[in-house]
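J.: File run00.csv follows (CSV, C-alpha atoms and all ligand atoms):
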chain,number,residue,atom,x,y,z
A,1,MET,CA,10.2,-0.6,16.8
A,2,PRO,CA,6.5,-1.6,16.3
A,3,GLN,CA,4.2,1.1,15.1
A,4,SER,CA,2.3,3.2,17.6
A,5,GLN,CA,-1.1,1.9,18.5
A,6,SER,CA,-2.9,5.1,17.3
A,7,HIS,CA,-1.2,4.9,13.9
A,8,LEU,CA,-2.2,1.2,13.5
A,9,ASP,CA,-5.8,2.0,14.7
A,10,SER,CA,-6.2,4.7,12.1
A,11,VAL,CA,-4.9,2.5,9.3
A,12,ARG,CA,-7.1,-0.4,10.5
A,13,SER,CA,-10.3,1.8,10.6
A,14,MET,CA,-9.5,3.2,7.1
A,15,TYR,CA,-9.3,-0.2,5.6
A,16,ASP,CA,-12.1,-1.9,7.7
A,17,GLU,CA,-14.4,0.8,6.2
A,18,ARG,CA,-13.2,0.2,2.6
A,19,SER,CA,-13.0,-3.6,2.7
A,20,ASP,CA,-16.3,-4.5,1.2
A,21,ARG,CA,-15.8,-2.3,-1.8
A,22,TYR,CA,-12.0,-2.5,-2.1
A,23,ASP,CA,-11.9,-4.9,-5.0
A,24,GLU,CA,-14.1,-2.6,-7.1
A,25,ASN,CA,-10.9,-0.6,-7.7
A,26,GLN,CA,-9.5,-2.1,-10.8
A,27,VAL,CA,-6.2,-0.5,-10.2
A,28,HIS,CA,-5.5,-2.8,-7.3
A,29,VAL,CA,-6.9,-5.8,-9.2
A,30,LYS,CA,-4.6,-5.1,-12.2
A,31,GLN,CA,-1.6,-4.4,-9.9
A,32,ALA,CA,-2.0,-7.7,-8.2
A,33,GLN,CA,-1.9,-9.5,-11.5
A,34,ASP,CA,1.3,-7.6,-12.4
A,35,TYR,CA,2.9,-8.5,-9.0
A,36,CYS,CA,2.6,-12.2,-9.8
A,37,ARG,CA,4.4,-11.5,-13.0
A,38,TRP,CA,7.1,-9.3,-11.5
A,39,ALA,CA,7.7,-11.9,-8.8
A,40,GLY,CA,8.3,-14.7,-11.3
A,41,LEU,CA,6.7,-17.1,-8.9
A,42,LYS,CA,7.2,-20.7,-9.9
A,43,SER,CA,5.6,-24.1,-9.0
A,44,GLY,CA,6.6,-25.2,-5.5
A,45,GLU,CA,7.7,-21.7,-4.4
A,46,SER,CA,6.3,-20.1,-1.2
A,47,LEU,CA,4.9,-16.6,-0.9
A,48,LEU,CA,4.4,-14.3,2.0
A,49,ASP,CA,2.1,-11.4,1.0
A,50,LEU,CA,2.5,-8.6,3.5
A,51,ALA,CA,-0.4,-6.1,3.9
A,52,CYS,CA,-2.4,-8.6,1.9
A,53,GLY,CA,-5.7,-6.7,2.1
A,54,THR,CA,-8.4,-8.7,0.4
A,55,GLY,CA,-6.0,-11.3,-0.8
A,56,LEU,CA,-5.6,-10.0,-4.3
A,57,VAL,CA,-2.0,-10.9,-4.7
A,58,ALA,CA,-2.1,-14.2,-2.7
A,59,LEU,CA,-5.2,-15.6,-4.5
A,60,GLU,CA,-4.0,-14.4,-7.9
A,61,ALA,CA,-0.7,-16.3,-7.3
A,62,LYS,CA,-2.8,-19.4,-6.7
A,63,ARG,CA,-4.6,-18.9,-9.9
A,64,GLN,CA,-1.6,-17.9,-12.1
A,65,VAL,CA,0.9,-20.5,-10.8
A,66,PRO,CA,-0.2,-24.2,-10.8
A,67,GLY,CA,1.5,-26.1,-8.0
A,68,VAL,CA,2.6,-22.9,-6.1
A,69,GLY,CA,3.7,-23.7,-2.6
A,70,HIS,CA,2.9,-22.4,0.9
A,71,ILE,CA,1.1,-19.0,0.8
A,72,VAL,CA,0.5,-16.7,3.8
A,73,GLY,CA,-1.1,-13.3,3.8
A,74,ILE,CA,-0.9,-10.9,6.7
A,75,ASP,CA,-2.8,-7.7,7.4
A,76,ILE,CA,-3.9,-5.5,10.3
A,77,SER,CA,-7.5,-4.9,9.1
A,78,GLU,CA,-9.9,-7.6,10.1
A,79,GLY,CA,-12.4,-6.3,7.5
A,80,MET,CA,-9.9,-6.8,4.7
A,81,LEU,CA,-8.9,-10.2,6.0
A,82,SER,CA,-12.6,-11.3,6.2
A,83,VAL,CA,-13.0,-10.5,2.5
A,84,ALA,CA,-9.8,-12.4,1.7
A,85,ARG,CA,-11.0,-15.5,3.7
A,86,ARG,CA,-14.4,-15.4,2.1
A,87,LYS,CA,-13.0,-15.2,-1.4
A,88,ALA,CA,-10.5,-18.1,-0.7
A,89,ALA,CA,-13.3,-20.3,0.7
A,90,ALA,CA,-15.5,-19.5,-2.3
A,91,ALA,CA,-12.7,-20.5,-4.7
A,92,GLY,CA,-11.8,-23.6,-2.7
A,93,LEU,CA,-8.4,-22.2,-1.8
A,94,ASP,CA,-8.6,-22.8,1.9
A,95,ASP,CA,-4.9,-23.7,2.2
A,96,VAL,CA,-4.0,-20.0,1.8
A,97,ARG,CA,-3.7,-18.6,5.4
A,98,PHE,CA,-4.7,-15.1,6.2
A,99,LEU,CA,-3.4,-13.8,9.6
A,100,ASN,CA,-4.0,-10.5,11.5
A,101,HIS,CA,-0.7,-8.9,12.5
A,102,ASP,CA,1.4,-5.8,12.2
A,103,ILE,CA,3.7,-6.3,9.3
A,104,SER,CA,6.4,-4.0,10.7
A,105,ASP,CA,6.9,-6.4,13.6
A,106,LEU,CA,6.7,-10.1,12.6
A,107,SER,CA,9.0,-11.7,15.2
A,108,ALA,CA,6.2,-13.0,17.3
A,109,ILE,CA,4.7,-15.0,14.5
A,110,ARG,CA,7.8,-16.0,12.6
A,111,ASP,CA,7.7,-19.7,13.6
A,112,GLU,CA,4.0,-19.9,12.9
A,113,ILE,CA,4.4,-18.7,9.3
A,114,VAL,CA,7.7,-19.9,7.8
A,115,PRO,CA,7.6,-22.7,5.3
A,116,ALA,CA,8.4,-26.2,6.6
A,117,THR,CA,11.8,-26.1,4.8
A,118,GLY,CA,12.8,-23.6,7.5
A,119,GLU,CA,14.7,-21.7,4.8
A,120,GLY,CA,12.4,-18.8,4.6
A,121,PHE,CA,10.0,-17.6,1.8
A,122,ASP,CA,11.0,-17.7,-1.8
A,123,VAL,CA,9.0,-14.5,-2.4
A,124,ILE,CA,7.7,-11.7,-0.2
A,125,THR,CA,5.4,-9.1,-1.7
A,126,CYS,CA,4.1,-5.9,-0.1
A,127,ALA,CA,1.7,-4.2,-2.6
A,128,ALA,CA,0.4,-0.7,-2.3
A,129,ALA,CA,1.2,-0.5,1.5
A,130,LEU,CA,4.9,0.6,1.9
A,131,ILE,CA,3.7,4.2,2.0
A,132,LEU,CA,1.7,3.4,5.2
A,133,LEU,CA,4.8,2.4,7.2
A,134,PRO,CA,6.5,5.1,9.2
A,135,ASP,CA,9.8,3.2,9.4
A,136,PRO,CA,10.2,1.2,6.1
A,137,LEU,CA,13.8,0.4,6.7
A,138,ARG,CA,13.1,-1.3,10.0
A,139,ALA,CA,10.2,-3.2,8.4
A,140,VAL,CA,12.2,-4.4,5.4
A,141,GLY,CA,15.0,-5.4,7.7
A,142,GLU,CA,12.5,-7.8,9.4
A,143,TRP,CA,11.2,-9.0,6.1
A,144,GLN,CA,14.5,-9.9,4.7
A,145,ALA,CA,15.1,-12.2,7.7
A,146,LEU,CA,12.1,-14.2,6.5
A,147,LEU,CA,13.5,-14.5,2.9
A,148,ARG,CA,15.2,-17.6,1.6
A,149,PRO,CA,19.0,-16.9,1.3
A,150,ARG,CA,20.5,-16.8,-2.2
A,151,GLY,CA,17.7,-15.6,-4.4
A,152,GLY,CA,14.6,-15.1,-2.2
A,153,ARG,CA,12.8,-12.1,-3.7
A,154,LEU,CA,11.1,-9.0,-2.3
A,155,ILE,CA,8.7,-7.0,-4.5
A,156,THR,CA,7.3,-3.8,-3.2
A,157,ASP,CA,6.1,-0.4,-4.5
A,158,VAL,CA,5.1,3.1,-3.8
A,159,GLN,CA,2.9,5.3,-5.8
A,160,THR,CA,4.7,8.0,-7.8
A,161,ARG,CA,4.8,11.5,-6.4
A,162,ASP,CA,1.9,13.0,-8.3
A,163,ALA,CA,-0.2,9.8,-8.4
A,164,ASN,CA,-2.8,10.9,-5.8
A,165,VAL,CA,-3.7,14.5,-5.9
A,166,VAL,CA,-6.3,14.4,-3.0
A,167,MET,CA,-3.9,12.6,-0.7
A,168,ASN,CA,-1.1,15.0,-1.5
A,169,ILE,CA,-3.2,18.0,-0.8
A,170,PHE,CA,-4.3,16.6,2.6
A,171,SER,CA,-0.6,16.0,3.4
A,172,ASP,CA,0.3,19.6,2.5
A,173,ILE,CA,-2.4,21.2,4.6
A,174,ALA,CA,-2.1,18.8,7.6
A,175,PRO,CA,0.5,20.8,9.6
A,176,ARG,CA,-1.5,24.0,9.1
A,177,VAL,CA,-4.5,22.5,10.9
A,178,ARG,CA,-2.4,20.5,13.3
A,179,GLU,CA,-3.5,17.2,11.9
A,180,SER,CA,-1.5,14.2,10.9
A,181,VAL,CA,-2.0,11.7,8.0
A,182,PRO,CA,-1.3,8.0,8.3
A,183,TRP,CA,0.6,7.7,5.0
A,184,HIS,CA,4.2,8.9,4.5
A,185,SER,CA,4.5,10.2,1.0
A,186,GLU,CA,7.2,12.6,2.2
A,187,LEU,CA,9.6,9.6,2.3
A,188,TRP,CA,9.0,8.7,-1.3
A,189,GLN,CA,10.1,11.6,-3.6
A,190,SER,CA,11.8,9.5,-6.3
A,191,GLN,CA,12.2,5.9,-7.3
A,192,GLY,CA,15.8,6.2,-6.1
A,193,GLU,CA,14.5,6.0,-2.6
A,194,LEU,CA,13.2,2.5,-3.1
A,195,GLU,CA,16.7,1.5,-4.4
A,196,LYS,CA,18.3,3.0,-1.3
A,197,LEU,CA,15.9,1.2,1.0
A,198,ALA,CA,16.9,-2.2,-0.5
A,199,LEU,CA,20.6,-1.4,-0.3
A,200,ASP,CA,20.4,-0.1,3.3
A,201,ALA,CA,18.5,-3.3,4.2
A,202,GLY,CA,21.3,-5.4,2.7
A,203,LEU,CA,19.4,-6.6,-0.3
A,204,VAL,CA,20.6,-6.8,-3.9
A,205,VAL,CA,18.5,-4.7,-6.2
A,206,GLN,CA,17.4,-6.5,-9.4
A,207,MET,CA,15.2,-3.7,-10.8
A,208,VAL,CA,13.5,-0.5,-9.9
A,209,PHE,CA,11.1,0.9,-12.5
A,210,GLU,CA,8.1,3.1,-13.1
A,211,THR,CA,4.9,1.3,-14.2
A,212,ASP,CA,2.7,2.4,-17.1
A,213,VAL,CA,-0.4,4.4,-16.2
A,214,TYR,CA,-3.0,2.3,-14.4
A,215,ALA,CA,-5.7,5.0,-14.4
A,216,LYS,CA,-6.3,8.6,-15.4
A,217,THR,CA,-8.6,11.0,-13.5
A,218,ARG,CA,-9.5,14.5,-14.5
A,219,TYR,CA,-10.4,16.9,-11.6
A,220,TYR,CA,-12.0,20.3,-12.0
A,221,GLY,CA,-11.0,23.2,-9.8
A,222,ASP,CA,-14.7,24.2,-9.4
A,223,ASP,CA,-15.4,20.9,-7.8
A,224,ALA,CA,-12.8,21.3,-5.0
A,225,GLY,CA,-15.3,22.0,-2.2
A,226,GLN,CA,-17.4,18.9,-3.1
A,227,ILE,CA,-14.2,16.8,-3.4
A,228,PHE,CA,-13.2,17.9,0.2
A,229,ASP,CA,-16.7,17.2,1.5
A,230,ASP,CA,-16.8,13.7,0.0
A,231,ALA,CA,-13.3,13.0,1.2
A,232,VAL,CA,-13.9,13.9,4.8
A,233,GLY,CA,-16.9,11.6,4.8
A,234,LYS,CA,-14.5,8.7,4.6
A,235,ALA,CA,-12.3,7.3,7.4
A,236,MET,CA,-9.1,8.0,5.4
A,237,PHE,CA,-9.6,11.8,5.6
A,238,GLY,CA,-12.3,11.9,8.3
A,239,ASN,CA,-10.1,13.7,10.9
A,240,PHE,CA,-10.0,16.8,8.6
A,241,GLY,CA,-13.8,17.0,9.0
A,242,ARG,CA,-13.8,17.5,12.7
A,243,ALA,CA,-16.0,20.5,13.6
A,244,GLU,CA,-13.2,22.5,15.1
A,245,ILE,CA,-11.0,22.5,12.0
A,246,ARG,CA,-13.4,21.7,9.1
A,247,GLU,CA,-13.9,25.2,7.7
A,248,GLN,CA,-10.2,26.1,7.9
A,249,ALA,CA,-9.2,22.7,6.4
A,250,ARG,CA,-11.8,23.2,3.6
A,251,GLY,CA,-10.6,26.7,2.8
A,252,LEU,CA,-7.0,25.5,2.6
A,253,PHE,CA,-7.9,22.4,0.5
A,254,VAL,CA,-10.0,24.4,-2.0
A,255,GLN,CA,-7.3,27.1,-2.3
A,256,ARG,CA,-4.5,24.5,-2.9
A,257,PHE,CA,-6.7,22.6,-5.3
A,258,LYS,CA,-7.5,25.7,-7.4
A,259,ASP,CA,-3.8,26.7,-7.4
A,260,MET,CA,-2.9,23.3,-8.8
A,261,ALA,CA,-5.7,23.5,-11.4
A,262,GLY,CA,-4.3,26.8,-12.6
A,263,PRO,CA,-5.8,28.9,-15.4
A,264,GLU,CA,-7.1,25.8,-17.2
A,265,GLY,CA,-9.1,24.9,-14.1
A,266,ALA,CA,-8.3,21.2,-14.3
A,267,ILE,CA,-5.8,18.7,-12.9
A,268,GLU,CA,-4.9,15.5,-14.7
A,269,GLU,CA,-4.0,12.7,-12.4
A,270,GLU,CA,-2.1,9.6,-13.6
A,271,THR,CA,-1.9,6.6,-11.3
A,272,ARG,CA,1.5,5.0,-11.6
A,273,TYR,CA,3.8,3.2,-9.2
A,274,TRP,CA,7.6,2.8,-8.6
A,275,VAL,CA,8.3,-0.8,-8.2
A,276,MET,CA,11.3,-2.6,-6.7
A,277,VAL,CA,12.4,-6.2,-7.1
A,278,ALA,CA,15.3,-7.1,-4.8
A,279,THR,CA,16.9,-10.4,-3.7
A,280,LYS,CA,18.6,-11.7,-0.6
A,281,ALA,CA,22.3,-12.3,-1.0
A,282,GLY,CA,24.1,-15.4,0.2
A,301,LIG,C1,-3.9,-0.2,-0.3
A,301,LIG,S1,-4.1,-1.7,0.7
A,301,LIG,C2,-3.2,-2.9,-0.2
A,301,LIG,C3,-3.8,-4.3,-0.1
A,301,LIG,C4,-3.2,-5.3,-1.0
A,301,LIG,N1,-1.8,-5.4,-0.8
A,301,LIG,C5,-3.5,-5.0,-2.4
A,301,LIG,O1,-2.5,-4.8,-3.2
A,301,LIG,O2,-4.6,-4.9,-2.8
A,301,LIG,C6,-3.1,-1.4,2.1
A,301,LIG,C7,-3.2,-2.5,3.1
A,301,LIG,O3,-2.1,-2.4,4.1
A,301,LIG,C8,-2.6,-2.8,5.3
A,301,LIG,N2,-1.6,-2.3,6.3
A,301,LIG,C9,-1.2,-1.1,6.5
A,301,LIG,N3,-0.3,-1.0,7.5
A,301,LIG,C10,-0.2,-2.3,8.0
A,301,LIG,C11,0.6,-2.8,9.0
A,301,LIG,N4,1.4,-2.1,9.8
A,301,LIG,N5,0.4,-4.1,9.3
A,301,LIG,C12,-0.4,-4.9,8.5
A,301,LIG,N6,-1.2,-4.4,7.5
A,301,LIG,C13,-1.0,-3.1,7.3
A,301,LIG,C14,-4.0,-2.2,5.4
A,301,LIG,O4,-4.8,-2.8,6.4
A,301,LIG,C15,-4.5,-2.5,4.0
A,301,LIG,O5,-5.2,-3.7,3.9
Could I get this file's structure written as structure tokens?
T.:
Amino acid sequence: MPQSQSHLDSVRSMYDERSDRYDENQVHVKQAQDYCRWAGLKSGESLLDLACGTGLVALEAKRQVPGVGHIVGIDISEGMLSVARRKAAAAGLDDVRFLNHDISDLSAIRDEIVPATGEGFDVITCAAALILLPDPLRAVGEWQALLRPRGGRLITDVQTRDANVVMNIFSDIAPRVRESVPWHSELWQSQGELEKLALDAGLVVQMVFETDVYAKTRYYGDDAGQIFDDAVGKAMFGNFGRAEIREQARGLFVQRFKDMAGPEGAIEEETRYWVMVATKAG
């Protein structure tokens, strides 16, 4: 089932707004470099980068792997895609195609994107986006149909449970102010869930692991109100800033934040990911 239009619209506006500054986040830049390593992409191999954003993984693959084959990136945010196309043109990498489409429903563009061999892609990546899909099993089922049989690889990830304090607090308070969030951290409580996803989709798990720390952030309980105010100024959390619920949401956010900060008055956040590499069987 394709995602609901309103869910896609909120994801799209979140990333359209962030697109021009997205690459300033070194976590994503570093993770894209690591993805190319985890994928073990070789000369001549094809790559489908799902939720490609600003093209970090797709363009890094071009840089890291001389002679790499057909590369396609797909995303729903035209803002992110414009940045990707701009970067590709500036680097003379115009043969990388960036298309606007919902990655949970690729059937309509299958023939347009598959490599000329007709066998499917050697590698499919989906970096830092699985958490945004309401039905990941359905999506991965579609993706594996686009993988080359016997050894085509899928690499994807979710952030670890405690990797994003602010997002988690908004998830916790959402039902109390009758709001929803466009990410689905509730589906990803352990790295075992990634393994289960691959198995349920009929893939063979090669490895599931937790990454090293990509970034550390120290938050102070006394800053909770300001953190809320800054967050609701962005599309990602903007619905919590609606006039009718803002004060209630702010109160709940500050309380939860201070509870987490405890007597020390501080929260240490470590950005890490659970990563899965799986292959298509025969
Ligand atoms: C955190 S960014 C990751 C971008 C890129 N993979 C990277 O590692 O830098 C999440 C991306 O997922 C895209 N996205 C989320 N849901 C999508 C969907 N259903 N179809 C296509 N793109 C989607 C967003 O537009 C956004 O560009």
J.: Counting only C-alpha atoms, what is within 8 Å of Leu146 of chain A, bar same-chain residues fewer than 2 positions away, as a list in words?
T.: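 The contact residues come out as Arg110, Val114, Gly120, Phe121, Glu142, Trp143, Gln144 and Arg148 of chain A.
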J.: Just the selected residues (C-alpha atoms), exported as a PDB file, in the frame of the given file, please.
T.:
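Writing the result to out10.pdb gives the following:
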ATOM      1  CA  ARG A 110       7.800 -16.000  12.600  1.00  0.00           C
ATOM      2  CA  VAL A 114       7.700 -19.900   7.800  1.00  0.00           C
ATOM      3  CA  GLY A 120      12.400 -18.800   4.600  1.00  0.00           C
ATOM      4  CA  PHE A 121      10.000 -17.600   1.800  1.00  0.00           C
ATOM      5  CA  GLU A 142      12.500  -7.800   9.400  1.00  0.00           C
ATOM      6  CA  TRP A 143      11.200  -9.000   6.100  1.00  0.00           C
ATOM      7  CA  GLN A 144      14.500  -9.900   4.700  1.00  0.00           C
ATOM      8  CA  ARG A 148      15.200 -17.600   1.600  1.00  0.00           C
TER       9      ARG A 148
END
J.: Using only C-alpha atoms and all ligand atoms, find each residue with an atom at most 8 Å away from ligand LIG 301 (chain A) and format the answer as a short mmCIF file (atom, residue, chain, number, x, y, z; two decimals) with C-alpha atoms, in the coordinates of the input.
T.:
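The result, written out as pocket_11.cif:
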data_model
loop_
_atom_site.label_atom_id
_atom_site.label_comp_id
_atom_site.auth_asym_id
_atom_site.auth_seq_id
_atom_site.Cartn_x
_atom_site.Cartn_y
_atom_site.Cartn_z
CA GLN A 3 4.20 1.10 15.10
CA LEU A 8 -2.20 1.20 13.50
CA VAL A 11 -4.90 2.50 9.30
CA ARG A 12 -7.10 -0.40 10.50
CA MET A 14 -9.50 3.20 7.10
CA TYR A 15 -9.30 -0.20 5.60
CA ASP A 16 -12.10 -1.90 7.70
CA SER A 19 -13.00 -3.60 2.70
CA TYR A 22 -12.00 -2.50 -2.10
CA ASP A 23 -11.90 -4.90 -5.00
CA HIS A 28 -5.50 -2.80 -7.30
CA VAL A 29 -6.90 -5.80 -9.20
CA GLN A 31 -1.60 -4.40 -9.90
CA ALA A 32 -2.00 -7.70 -8.20
CA ASP A 49 2.10 -11.40 1.00
CA LEU A 50 2.50 -8.60 3.50
CA ALA A 51 -0.40 -6.10 3.90
CA CYS A 52 -2.40 -8.60 1.90
CA GLY A 53 -5.70 -6.70 2.10
CA THR A 54 -8.40 -8.70 0.40
CA GLY A 55 -6.00 -11.30 -0.80
CA LEU A 56 -5.60 -10.00 -4.30
CA VAL A 57 -2.00 -10.90 -4.70
CA ILE A 74 -0.90 -10.90 6.70
CA ASP A 75 -2.80 -7.70 7.40
CA ILE A 76 -3.90 -5.50 10.30
CA SER A 77 -7.50 -4.90 9.10
CA GLU A 78 -9.90 -7.60 10.10
CA MET A 80 -9.90 -6.80 4.70
CA LEU A 81 -8.90 -10.20 6.00
CA ASN A 100 -4.00 -10.50 11.50
CA HIS A 101 -0.70 -8.90 12.50
CA ASP A 102 1.40 -5.80 12.20
CA ILE A 103 3.70 -6.30 9.30
CA SER A 104 6.40 -4.00 10.70
CA ASP A 105 6.90 -6.40 13.60
CA CYS A 126 4.10 -5.90 -0.10
CA ALA A 127 1.70 -4.20 -2.60
CA ALA A 128 0.40 -0.70 -2.30
CA ALA A 129 1.20 -0.50 1.50
CA LEU A 130 4.90 0.60 1.90
CA LEU A 132 1.70 3.40 5.20
CA LEU A 133 4.80 2.40 7.20
#
J.: Can you tell me, as a ChimeraX atom specification, which residues sit within 7 Å of (-6.1, 8.9, -13.4) in the file's frame, using only C-alpha atoms?
T.: /A:215-218,268-271
J.: Kindly extract all protein, DNA and RNA residues lying within 7 Å of the coordinates (7.6, -12.1, -1.3) given in the file, considering only C-alpha atoms, and supply them as a list in words.
T.: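 Collected hits near the coordinates: Leu47, Leu48, Asp49, Phe121, Asp122, Val123, Ile124, Thr125, Arg153, Leu154 and Ile155 of chain A.
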J.: Go through A:Ser107, A:Asn239, A:Ser13, A:Ser43 one by one, measure the shortest atom-to-atom distance of each to Gly79 of chain A using all atoms listed in the file, and give the residue with the smallest value.
T.: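 Ranked by minimum distance to Gly79 of chain A, first place goes to A:Ser13.
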J.: For Val275 of chain A, list every protein, DNA or RNA residue within 9 Å, evaluated using only C-alpha atoms, and leave out those in the same chain fewer than 6 positions away; present the list as an mmCIF file with C-alpha atoms, keeping the file's coordinate frame.
T.:
data_model
loop_
_atom_site.group_PDB
_atom_site.id
_atom_site.type_symbol
_atom_site.label_atom_id
_atom_site.label_comp_id
_atom_site.auth_asym_id
_atom_site.auth_seq_id
_atom_site.Cartn_x
_atom_site.Cartn_y
_atom_site.Cartn_z
ATOM 1 C CA ILE A 155 8.700 -7.000 -4.500
ATOM 2 C CA THR A 156 7.300 -3.800 -3.200
ATOM 3 C CA ASP A 157 6.100 -0.400 -4.500
ATOM 4 C CA VAL A 158 5.100 3.100 -3.800
ATOM 5 C CA GLN A 159 2.900 5.300 -5.800
ATOM 6 C CA GLN A 191 12.200 5.900 -7.300
ATOM 7 C CA LEU A 194 13.200 2.500 -3.100
ATOM 8 C CA MET A 207 15.200 -3.700 -10.800
ATOM 9 C CA VAL A 208 13.500 -0.500 -9.900
ATOM 10 C CA PHE A 209 11.100 0.900 -12.500
ATOM 11 C CA GLU A 210 8.100 3.100 -13.100
ATOM 12 C CA THR A 211 4.900 1.300 -14.200
#
J.: Excluding same-chain residues fewer than 3 positions from segment 175-178 of chain A, what lies within 8 Å of it counting only C-alpha atoms, as an mmCIF file with C-alpha atoms, keeping the file's coordinate frame?
T.:
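This is the output file around03.cif:
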data_model
loop_
_atom_site.group_PDB
_atom_site.id
_atom_site.type_symbol
_atom_site.label_atom_id
_atom_site.label_comp_id
_atom_site.auth_asym_id
_atom_site.auth_seq_id
_atom_site.Cartn_x
_atom_site.Cartn_y
_atom_site.Cartn_z
ATOM 1 C CA SER A 171 -0.600 16.000 3.400
ATOM 2 C CA ASP A 172 0.300 19.600 2.500
ATOM 3 C CA ILE A 245 -11.000 22.500 12.000
ATOM 4 C CA GLN A 248 -10.200 26.100 7.900
ATOM 5 C CA ALA A 249 -9.200 22.700 6.400
#
J.: Select, from A:Gly152, A:Gly262, A:Gly69, A:Gly141, the residue with the minimum atom-to-atom distance to Leu106 of chain A, counting all atoms listed in the file.
T.: A:Gly141
J.: Please, what distance in Å, to one decimal, runs between atom CA of Trp188 of chain A and atom CA of Met167 of chain A?
T.: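 Spanning atom CA of Trp188 of chain A to atom CA of Met167 of chain A is a straight-line distance of 13.5 Å.
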J.: Rank nothing, just name the residue among A:Ala278, A:Val204, A:Leu41, A:Met260 nearest to Asn168 of chain A, using only C-alpha atoms.
T.: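 Smallest distance to Asn168 of chain A is found for A:Met260.
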J.: Please determine, counting all atoms listed in the file, which residue among A:Ala281, A:Val68, A:Leu252, A:Leu59 has the shortest atom-to-atom distance to Ala88 of chain A.
T.: A:Leu59
J.: Which of these residues is nearest to Val96 of chain A, using only C-alpha atoms: A:Glu24, A:Asp222, A:Glu60, A:Glu186?
T.: A:Glu60
J.: Give me, as a list in words, all polymer residues having an atom no more than 9 Å from Phe237 of chain A, counting all atoms listed in the file and skipping those fewer than 2 positions away in the same chain.
T.: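 Surrounding residues, per the criterion: Met14, Met167, Phe170, Val181, Phe228, Ala231, Val232, Gly233, Lys234, Ala235, Asn239, Phe240 and Gly241 of chain A.
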J.: Please report the interatomic distance between atom CA of Ser46 of chain A and atom CA of Val205 of chain A in Å with one decimal.
T.: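 Going from atom CA of Ser46 of chain A over to atom CA of Val205 of chain A, I get 20.3 Å.
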J.: Counting all atoms listed in the file, figure out which residue out of A:Thr279, A:Asn25, A:Ser4, A:Ser10 gets nearest to Leu199 of chain A.
T.: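 Checking each candidate against Leu199 of chain A, we get A:Thr279 as the closest.
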J.: Take atom CA of Ile267 of chain A and atom CA of Tyr220 of chain A and report the distance between them in Å, one decimal.
T.: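 Going from atom CA of Ile267 of chain A over to atom CA of Tyr220 of chain A, I get 6.5 Å.
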